[in-house]
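Participant: Sharing upload14.csv below, CSV, C-alpha atoms:
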```csv
chain,number,residue,atom,x,y,z
A,1,MET,CA,212.3,-186.0,-7.6
A,2,PHE,CA,215.5,-187.5,-9.2
A,3,GLU,CA,217.6,-185.2,-7.0
A,4,LEU,CA,215.8,-186.5,-3.9
A,5,ILE,CA,216.3,-190.2,-5.0
A,6,SER,CA,220.0,-189.5,-5.7
A,7,ARG,CA,220.3,-187.8,-2.4
A,8,ASN,CA,218.9,-190.8,-0.6
A,9,ARG,CA,221.3,-193.0,-2.4
A,10,LYS,CA,224.3,-190.9,-1.4
A,11,VAL,CA,223.2,-190.8,2.2
A,12,TYR,CA,222.7,-194.6,2.3
A,13,THR,CA,226.1,-195.4,0.6
A,14,ARG,CA,228.0,-192.7,2.6
A,15,ASP,CA,228.2,-195.0,5.5
A,16,ARG,CA,230.6,-197.4,3.8
A,17,LEU,CA,230.6,-200.0,6.6
A,18,ALA,CA,226.8,-200.2,6.7
A,19,PHE,CA,226.6,-200.4,2.9
A,20,PHE,CA,229.3,-203.2,2.9
A,21,MET,CA,227.5,-205.1,5.7
A,22,SER,CA,224.3,-205.2,3.6
A,23,PHE,CA,226.2,-207.3,1.1
A,24,LEU,CA,228.2,-209.2,3.7
A,25,SER,CA,225.0,-210.3,5.5
A,26,VAL,CA,223.7,-211.7,2.2
A,27,ILE,CA,226.8,-213.8,1.7
A,28,ILE,CA,226.7,-215.1,5.3
A,29,LEU,CA,223.0,-215.9,5.0
A,30,ILE,CA,223.7,-217.9,1.8
A,31,LEU,CA,226.5,-219.9,3.4
A,32,VAL,CA,224.6,-220.7,6.6
A,33,TYR,CA,221.5,-221.6,4.7
A,34,GLN,CA,223.4,-224.0,2.5
A,35,VAL,CA,225.1,-225.7,5.4
A,36,PHE,CA,222.2,-226.2,7.7
A,37,LEU,CA,218.9,-226.4,5.7
A,38,GLY,CA,220.0,-228.0,2.5
A,39,GLN,CA,220.8,-231.4,4.0
A,40,ILE,CA,217.4,-231.7,5.7
A,41,GLN,CA,215.6,-231.6,2.3
A,42,ILE,CA,218.1,-233.9,0.6
A,43,ASP,CA,217.5,-236.6,3.3
A,44,ALA,CA,213.7,-236.3,2.8
A,45,ILE,CA,214.1,-236.6,-1.0
A,46,LYS,CA,216.3,-239.7,-0.7
A,47,GLU,CA,213.7,-241.3,1.5
A,48,ALA,CA,210.9,-240.5,-0.9
A,49,LEU,CA,212.8,-241.9,-3.9
A,50,GLY,CA,214.0,-244.9,-1.9
A,51,SER,CA,217.7,-244.1,-2.5
A,52,ASP,CA,220.7,-244.2,-0.2
A,53,THR,CA,222.5,-241.4,-2.1
A,54,ALA,CA,221.6,-238.1,-3.5
A,55,SER,CA,222.4,-237.4,-7.2
A,56,SER,CA,224.0,-234.2,-8.4
A,57,ASP,CA,220.6,-233.3,-9.9
A,58,THR,CA,218.9,-233.7,-6.5
A,59,ILE,CA,221.5,-231.4,-4.9
A,60,LYS,CA,221.1,-228.9,-7.7
A,61,MET,CA,217.3,-228.9,-7.2
A,62,VAL,CA,217.5,-228.4,-3.5
A,63,ASN,CA,220.0,-225.5,-4.1
A,64,TYR,CA,217.4,-223.8,-6.3
A,65,TRP,CA,214.8,-224.3,-3.6
A,66,LEU,CA,217.2,-222.6,-1.1
A,67,ILE,CA,218.0,-219.8,-3.5
A,68,SER,CA,214.3,-219.1,-4.0
A,69,GLY,CA,213.8,-218.7,-0.3
A,70,LEU,CA,216.9,-216.6,0.1
A,71,THR,CA,215.8,-214.3,-2.7
A,72,THR,CA,212.4,-213.9,-1.0
A,73,ILE,CA,214.0,-212.9,2.3
A,74,ILE,CA,216.5,-210.6,0.8
A,75,SER,CA,213.9,-208.7,-1.2
A,76,MET,CA,212.3,-207.8,2.1
A,77,THR,CA,215.3,-207.1,4.2
A,78,SER,CA,217.2,-205.1,1.5
A,79,THR,CA,214.1,-203.0,0.8
A,80,LEU,CA,213.5,-202.4,4.5
A,81,GLY,CA,217.2,-201.6,5.0
A,82,ALA,CA,217.0,-198.8,2.4
A,83,PHE,CA,214.2,-197.2,4.3
A,84,GLY,CA,216.7,-196.6,7.0
A,85,VAL,CA,217.4,-193.2,5.3
A,86,MET,CA,213.9,-192.1,6.0
A,87,VAL,CA,214.0,-193.2,9.6
A,88,SER,CA,217.4,-191.4,10.1
A,89,ASP,CA,216.0,-188.2,8.6
A,90,LYS,CA,213.1,-188.4,11.1
A,91,GLU,CA,215.5,-189.0,14.0
A,92,LYS,CA,217.7,-186.1,13.0
A,93,LYS,CA,214.7,-183.9,12.3
A,94,LEU,CA,215.8,-183.4,8.7
A,95,SER,CA,212.3,-184.3,7.6
A,96,GLU,CA,211.2,-181.0,9.2
A,97,ASP,CA,213.5,-179.1,6.9
A,98,PHE,CA,211.7,-180.7,3.9
A,99,LYS,CA,208.4,-179.4,5.1
A,100,VAL,CA,209.5,-175.7,4.7
A,101,SER,CA,210.9,-176.4,1.2
A,102,PRO,CA,208.8,-176.0,-1.9
A,103,ILE,CA,208.8,-179.8,-2.3
A,104,SER,CA,205.6,-181.5,-1.3
A,105,ASN,CA,205.6,-184.1,1.5
A,106,PHE,CA,204.2,-186.7,-1.0
A,107,LYS,CA,207.2,-186.3,-3.3
A,108,VAL,CA,209.7,-186.6,-0.4
A,109,GLU,CA,208.0,-189.8,0.9
A,110,LEU,CA,207.8,-191.1,-2.7
A,111,SER,CA,211.5,-190.6,-3.2
A,112,TYR,CA,212.2,-192.7,-0.1
A,113,ALA,CA,210.0,-195.5,-1.5
A,114,ILE,CA,211.4,-195.4,-5.0
A,115,PHE,CA,215.0,-195.5,-3.7
A,116,ALA,CA,214.1,-198.4,-1.4
A,117,ILE,CA,212.5,-200.4,-4.2
A,118,LEU,CA,215.3,-199.7,-6.7
A,119,PHE,CA,217.9,-200.7,-4.2
A,120,GLY,CA,215.9,-203.8,-3.2
A,121,ILE,CA,215.6,-204.9,-6.8
A,122,ILE,CA,219.4,-204.4,-7.5
A,123,LEU,CA,220.6,-206.2,-4.4
A,124,THR,CA,218.0,-209.0,-4.7
A,125,MET,CA,218.8,-209.7,-8.3
A,126,PHE,CA,222.5,-209.6,-7.5
A,127,SER,CA,222.0,-212.1,-4.6
A,128,CYS,CA,219.9,-214.4,-6.7
A,129,VAL,CA,222.5,-214.6,-9.6
A,130,PHE,CA,225.4,-214.8,-7.1
A,131,ALA,CA,223.8,-217.6,-5.2
A,132,ILE,CA,223.1,-219.6,-8.4
A,133,GLY,CA,226.7,-219.2,-9.4
A,134,ILE,CA,228.0,-220.2,-5.9
A,135,PHE,CA,225.6,-223.1,-5.3
A,136,ASN,CA,225.4,-224.7,-8.7
A,137,GLY,CA,228.4,-223.3,-10.6
A,138,LEU,CA,228.7,-220.5,-13.1
A,139,SER,CA,227.6,-222.8,-15.9
A,140,SER,CA,224.2,-223.1,-14.3
A,141,LEU,CA,223.6,-219.4,-15.2
A,142,LEU,CA,223.3,-220.6,-18.8
A,143,ASP,CA,220.5,-223.1,-18.0
A,144,TYR,CA,218.0,-220.2,-18.1
A,145,SER,CA,216.7,-218.4,-21.1
A,146,VAL,CA,216.3,-214.6,-21.5
A,147,MET,CA,212.6,-215.1,-20.9
A,148,ASP,CA,213.4,-217.0,-17.6
A,149,TYR,CA,215.6,-214.1,-16.4
A,150,LEU,CA,212.8,-211.6,-17.3
A,151,LYS,CA,210.4,-213.7,-15.3
A,152,ILE,CA,212.8,-213.7,-12.3
A,153,PHE,CA,213.3,-209.9,-12.7
A,154,GLY,CA,209.5,-209.4,-12.7
A,155,ILE,CA,209.0,-211.6,-9.6
A,156,VAL,CA,211.8,-209.8,-7.8
A,157,SER,CA,210.4,-206.4,-8.7
A,158,LEU,CA,206.9,-207.5,-7.5
A,159,SER,CA,208.5,-208.8,-4.3
A,160,THR,CA,210.3,-205.6,-3.5
A,161,VAL,CA,207.2,-203.5,-4.2
A,162,LEU,CA,205.2,-205.8,-1.9
A,163,SER,CA,207.9,-205.5,0.7
A,164,ALA,CA,207.8,-201.7,0.6
A,165,ALA,CA,204.0,-201.8,0.9
A,166,ILE,CA,204.2,-204.1,3.9
A,167,VAL,CA,206.7,-202.0,5.9
A,168,LEU,CA,205.4,-198.5,5.0
A,169,PRO,CA,202.4,-198.6,7.4
A,170,ILE,CA,204.8,-199.9,10.2
A,171,LEU,CA,207.4,-197.3,9.5
A,172,ALA,CA,204.9,-194.6,10.1
A,173,PHE,CA,205.3,-195.3,13.8
A,174,ILE,CA,209.1,-195.8,13.8
A,175,ARG,CA,211.2,-192.7,14.5
A,176,THR,CA,214.5,-193.9,16.0
A,177,SER,CA,217.3,-196.0,14.6
A,178,SER,CA,217.2,-198.3,17.5
A,179,ALA,CA,213.6,-199.1,17.0
A,180,PHE,CA,214.3,-199.5,13.2
A,181,THR,CA,217.1,-202.0,14.0
A,182,THR,CA,214.7,-204.0,16.2
A,183,LEU,CA,212.1,-204.0,13.5
A,184,SER,CA,214.6,-205.2,10.9
A,185,THR,CA,215.5,-208.1,13.1
A,186,ILE,CA,211.9,-209.1,13.8
A,187,VAL,CA,210.8,-208.7,10.2
A,188,GLY,CA,213.8,-210.8,8.8
A,189,THR,CA,213.0,-213.7,11.2
A,190,PHE,CA,209.2,-213.5,10.8
A,191,ILE,CA,209.4,-213.4,7.0
A,192,GLY,CA,211.7,-216.5,6.9
A,193,PHE,CA,209.2,-218.6,8.9
A,194,ILE,CA,205.8,-217.4,7.6
A,195,SER,CA,206.8,-217.6,3.9
A,196,GLY,CA,208.0,-221.2,4.2
A,197,VAL,CA,211.7,-220.4,3.8
A,198,TYR,CA,213.2,-221.7,7.1
A,199,LEU,CA,210.8,-224.6,7.3
A,200,SER,CA,208.7,-226.3,4.5
A,201,ILE,CA,205.0,-225.6,4.4
A,202,GLY,CA,204.3,-229.3,4.5
A,203,SER,CA,206.0,-229.7,7.9
A,204,VAL,CA,203.4,-227.7,9.8
A,205,GLY,CA,199.7,-228.2,10.7
A,206,LYS,CA,196.8,-227.5,8.4
A,207,THR,CA,195.9,-224.2,10.1
A,208,LEU,CA,199.4,-222.8,9.9
A,209,GLN,CA,199.7,-224.0,6.3
A,210,GLN,CA,196.7,-221.8,5.4
A,211,VAL,CA,198.2,-218.8,7.2
A,212,MET,CA,201.4,-219.3,5.3
A,213,THR,CA,199.6,-219.9,2.0
A,214,TRP,CA,197.7,-216.6,2.2
A,215,PHE,CA,200.7,-214.6,3.3
A,216,PRO,CA,201.7,-212.8,0.0
A,217,MET,CA,205.4,-213.3,0.4
A,218,THR,CA,204.8,-217.1,0.4
A,219,GLN,CA,203.1,-216.8,-2.9
A,220,VAL,CA,206.0,-214.7,-4.3
A,221,ASN,CA,208.3,-217.5,-3.1
A,222,ALA,CA,206.2,-220.1,-4.9
A,223,LEU,CA,206.3,-218.2,-8.1
A,224,LEU,CA,210.1,-217.9,-8.0
A,225,LYS,CA,210.5,-221.6,-7.2
A,226,GLN,CA,208.4,-222.5,-10.3
A,227,VAL,CA,210.9,-220.6,-12.5
A,228,LEU,CA,214.1,-221.7,-10.8
A,229,MET,CA,213.2,-225.3,-10.2
A,230,LYS,CA,211.3,-226.1,-13.3
A,231,ASP,CA,213.9,-228.1,-15.1
A,232,SER,CA,215.6,-229.6,-12.0
A,233,ILE,CA,212.3,-231.1,-10.7
A,234,ALA,CA,211.7,-232.7,-14.1
A,235,GLN,CA,215.2,-234.3,-14.0
A,236,VAL,CA,215.1,-235.5,-10.4
A,237,PHE,CA,211.6,-237.0,-10.5
A,238,ASP,CA,211.9,-238.2,-14.1
A,239,SER,CA,211.1,-241.8,-13.3
A,240,ALA,CA,209.1,-241.2,-10.1
A,241,PRO,CA,205.3,-241.6,-10.0
A,242,SER,CA,203.3,-238.3,-10.4
A,243,SER,CA,202.0,-238.7,-6.9
A,244,VAL,CA,205.6,-238.4,-5.5
A,245,VAL,CA,206.2,-235.3,-7.6
A,246,ASN,CA,202.9,-233.6,-6.5
A,247,GLU,CA,203.6,-234.5,-2.9
A,248,TYR,CA,207.0,-232.9,-3.1
A,249,LYS,CA,205.7,-229.7,-4.8
A,250,GLU,CA,202.9,-229.4,-2.2
A,251,SER,CA,205.2,-230.1,0.8
A,252,TYR,CA,207.9,-227.7,-0.2
A,253,GLY,CA,205.7,-224.9,-1.4
A,254,VAL,CA,206.4,-225.1,-5.2
A,255,VAL,CA,202.6,-225.1,-5.5
A,256,LEU,CA,200.2,-223.8,-2.9
A,257,GLN,CA,196.8,-225.1,-1.9
A,258,ASN,CA,193.7,-223.5,-0.5
A,259,ALA,CA,191.7,-225.0,2.4
A,260,SER,CA,189.8,-227.2,-0.1
A,261,GLY,CA,193.0,-228.7,-1.5
A,262,ASP,CA,192.8,-226.9,-4.9
A,263,HIS,CA,196.0,-225.4,-6.3
A,264,LEU,CA,196.4,-221.7,-6.5
A,265,SER,CA,197.0,-220.7,-10.1
A,266,ASN,CA,199.8,-218.2,-11.0
A,267,GLN,CA,197.3,-215.7,-12.4
A,268,PHE,CA,195.3,-215.9,-9.1
A,269,MET,CA,198.4,-215.3,-7.0
A,270,LEU,CA,199.5,-212.3,-9.1
A,271,VAL,CA,196.1,-210.7,-8.8
A,272,TYR,CA,196.0,-211.5,-5.1
A,273,ILE,CA,199.4,-210.0,-4.4
A,274,SER,CA,198.5,-206.9,-6.4
A,275,MET,CA,195.3,-206.4,-4.4
A,276,ILE,CA,197.3,-206.8,-1.1
A,277,ILE,CA,199.8,-204.1,-2.3
A,278,VAL,CA,196.9,-201.7,-3.1
A,279,ALA,CA,195.2,-202.4,0.2
A,280,LEU,CA,198.5,-201.8,2.2
A,281,LEU,CA,199.1,-198.5,0.4
A,282,ILE,CA,195.6,-197.4,1.2
A,283,LEU,CA,196.2,-198.4,4.8
A,284,HIS,CA,199.5,-196.4,4.8
A,285,PHE,CA,197.8,-193.2,3.6
A,286,PHE,CA,195.0,-193.7,6.1
A,287,ILE,CA,197.5,-193.9,8.9
A,288,LYS,CA,199.3,-190.8,7.7
A,289,LYS,CA,196.0,-188.9,7.5
A,290,VAL,CA,195.0,-190.0,11.0
A,291,LYS,CA,198.3,-189.0,12.5
A,292,LYS,CA,198.1,-185.6,11.0
```
Could you write out this file's structure as structure tokens?

Facilitator:
Amino acid sequence: MFELISRNRKVYTRDRLAFFMSFLSVIILILVYQVFLGQIQIDAIKEALGSDTASSDTIKMVNYWLISGLTTIISMTSTLGAFGVMVSDKEKKLSEDFKVSPISNFKVELSYAIFAILFGIILTMFSCVFAIGIFNGLSSLLDYSVMDYLKIFGIVSLSTVLSAAIVLPILAFIRTSSAFTTLSTIVGTFIGFISGVYLSIGSVGKTLQQVMTWFPMTQVNALLKQVLMKDSIAQVFDSAPSSVVNEYKESYGVVLQNASGDHLSNQFMLVYISMIIVALLILHFFIKKVKK
């Protein structure tokens, strides 16, 4: 098993340009995100607080909101990208060679998934820490305790496992690199919108709000925001009425509401996400069985 995982890593990193581009795309996304989307939220906060200028604390809080969204997207795109090894093996018929080896198909497929998850965790954690240092300064990295970083790592790990579970049933039908590239483009764009990253959940209608709320990546995004933005929200809205604070959290997806207006607890979201992962894995194995 370890040999297979190591082999997948070597195959993925052998293409130096593609490996470098996976990091370059993260940097480009961070910069574009900061330039275009950050100002929109800053203007909305100034209006809510009745201020003509945005304080450094406000800018810092918005940056953490942006970082949470970026981290959510990257957990999906990096994990999906690592599955490119599996698609390449299918396209080159290398997967047929594994079938005549003493290694079971289950172990081969599991090695793809483990490599994708591990790579997704590493790249996503790097991106999150890198973005914090770039957006808010290296000193901001010291604002979090060891427990906070453990929570971030746990959420990132959960997000990458969820990402793998989401794409595995789809990848059962993907056999060429061109189809995989198209899928990657669609997934990256779709995840950004449906999980409340490219637009705030409060800016859409009630029906779409509920669709976004019950999409599991949105809940991962909310969990991450609660860790990254905890102190900055308290500082920015220190003298503001609680109604303003609650409205901001609800509008920007820091807390999520069901159709009745009740907030979803963190425990509920963790259980819900875990159930979705199990359901998607069952779906994947069902599809594989049907195809056989």

Participant: One number please: CA of Ser239 in chain A to CA of Ile59 in chain A, in Å, one decimal.

Facilitator: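 Separation of CA of Ser239 in chain A and CA of Ile59 in chain A: 16.9 Å.
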
Participant: Do you know which residues are at most 10 Å from Ile170 in chain A counting only C-alpha atoms, after dropping those on the same chain fewer than 4 positions away, and could you put them as a compact mmCIF listing (two decimals) with C-alpha atoms, keeping the file's coordinate frame?

Facilitator:
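Once written, part-v4.txt looks like this:
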```
# COMPACT_ATOMS: atom_id res chain seq x y z
CA ALA A 165 204.00 -201.80 0.90
CA ILE A 166 204.20 -204.10 3.90
CA ILE A 174 209.10 -195.80 13.80
CA PHE A 180 214.30 -199.50 13.20
CA LEU A 183 212.10 -204.00 13.50
CA HIS A 284 199.50 -196.40 4.80
CA ILE A 287 197.50 -193.90 8.90
```

Participant: One decimal, in Å: what's the spacing between CA of Val187 in chain A and CA of Ile201 in chain A?

Facilitator: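 The value is 18.8 Å.
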
Participant: Tell me which protein, DNA and RNA residues are within 8 Å of Val236 in chain A, counting all atoms listed in the file, leaving out same-chain ones fewer than 4 positions away, and put them as number ranges by chain.

Facilitator: A: 57-58, 61, 232

Participant: Taking into account only C-alpha atoms, which residue in the set A:Leu264, A:Ile155, A:Val11, A:Ala234 is nearest to Met217 in chain A?

Facilitator: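 Of all the options, A:Ile155 lies closest to Met217 in chain A.
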
Participant: Go ahead and compute the interatomic distance for CA of Leu142 in chain A and CA of Ala240 in chain A, in Å to one decimal.

Facilitator: 26.5 Å

Participant: Here is a test: counting all atoms listed in the file, which residue of A:Ser68, A:Thr185, A:Ser111, A:Ser139 is nearest to Ser127 in chain A?

Facilitator: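 Closest candidate: A:Ser68.
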
Participant: Excluding Gly192 in chain A and residues on its chain fewer than 3 positions from it, collect all residues at most 9 Å away from it, counting all atoms listed in the file, and give them as a list in words.

Facilitator: Gly69, Leu70, Thr72, Ile73, Val187, Gly188, Thr189, Ser195, Gly196, Val197, Tyr198 and Leu199 of chain A

Participant: Could you tell me which of A:Ser56, A:Trp65, A:Lys230, A:Leu118 comes closest to Arg9 in chain A if we count all atoms listed in the file?

Facilitator: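 Smallest separation from Arg9 in chain A among the options: A:Leu118.
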
Participant: Considering only C-alpha atoms, can you say which of A:Asp89, A:Glu3, A:Glu109, A:Asp238 comes closest to Phe285 in chain A?

Facilitator: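 That would be A:Glu109, the residue with the smallest distance to Phe285 in chain A.
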
Participant: Hey, which of A:Val156, A:Val211, A:Ile117, A:Leu168 ends up closest to Asn258 in chain A? Count all atoms listed in the file.

Facilitator: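 Among A:Val156, A:Val211, A:Ile117, A:Leu168, it is A:Val211 that comes nearest to Asn258 in chain A.
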
Participant: Counting only C-alpha atoms, what is within 12 Å of Leu224 in chain A, bar same-chain residues fewer than 4 positions away, as a PyMOL selection string?

Facilitator: chain A and resi 64-72+125+128+148-159+217-220+228-230+253-255+266

Participant: Just the residues within 10 Å of Glu250 in chain A, please, counting only C-alpha atoms, with nothing from its chain fewer than 4 positions along; format it as a PDB file with C-alpha atoms, in the coordinates of the input.

Facilitator:
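The result, stored in selection10.pdb:
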```pdb
ATOM      1  CA  SER A 200     208.700-226.300   4.500  1.00  0.00           C
ATOM      2  CA  ILE A 201     205.000-225.600   4.400  1.00  0.00           C
ATOM      3  CA  GLY A 202     204.300-229.300   4.500  1.00  0.00           C
ATOM      4  CA  VAL A 244     205.600-238.400  -5.500  1.00  0.00           C
ATOM      5  CA  VAL A 245     206.200-235.300  -7.600  1.00  0.00           C
ATOM      6  CA  ASN A 246     202.900-233.600  -6.500  1.00  0.00           C
ATOM      7  CA  VAL A 254     206.400-225.100  -5.200  1.00  0.00           C
ATOM      8  CA  VAL A 255     202.600-225.100  -5.500  1.00  0.00           C
ATOM      9  CA  LEU A 256     200.200-223.800  -2.900  1.00  0.00           C
ATOM     10  CA  GLN A 257     196.800-225.100  -1.900  1.00  0.00           C
ATOM     11  CA  GLY A 261     193.000-228.700  -1.500  1.00  0.00           C
ATOM     12  CA  HIS A 263     196.000-225.400  -6.300  1.00  0.00           C
TER      13      HIS A 263
END
```
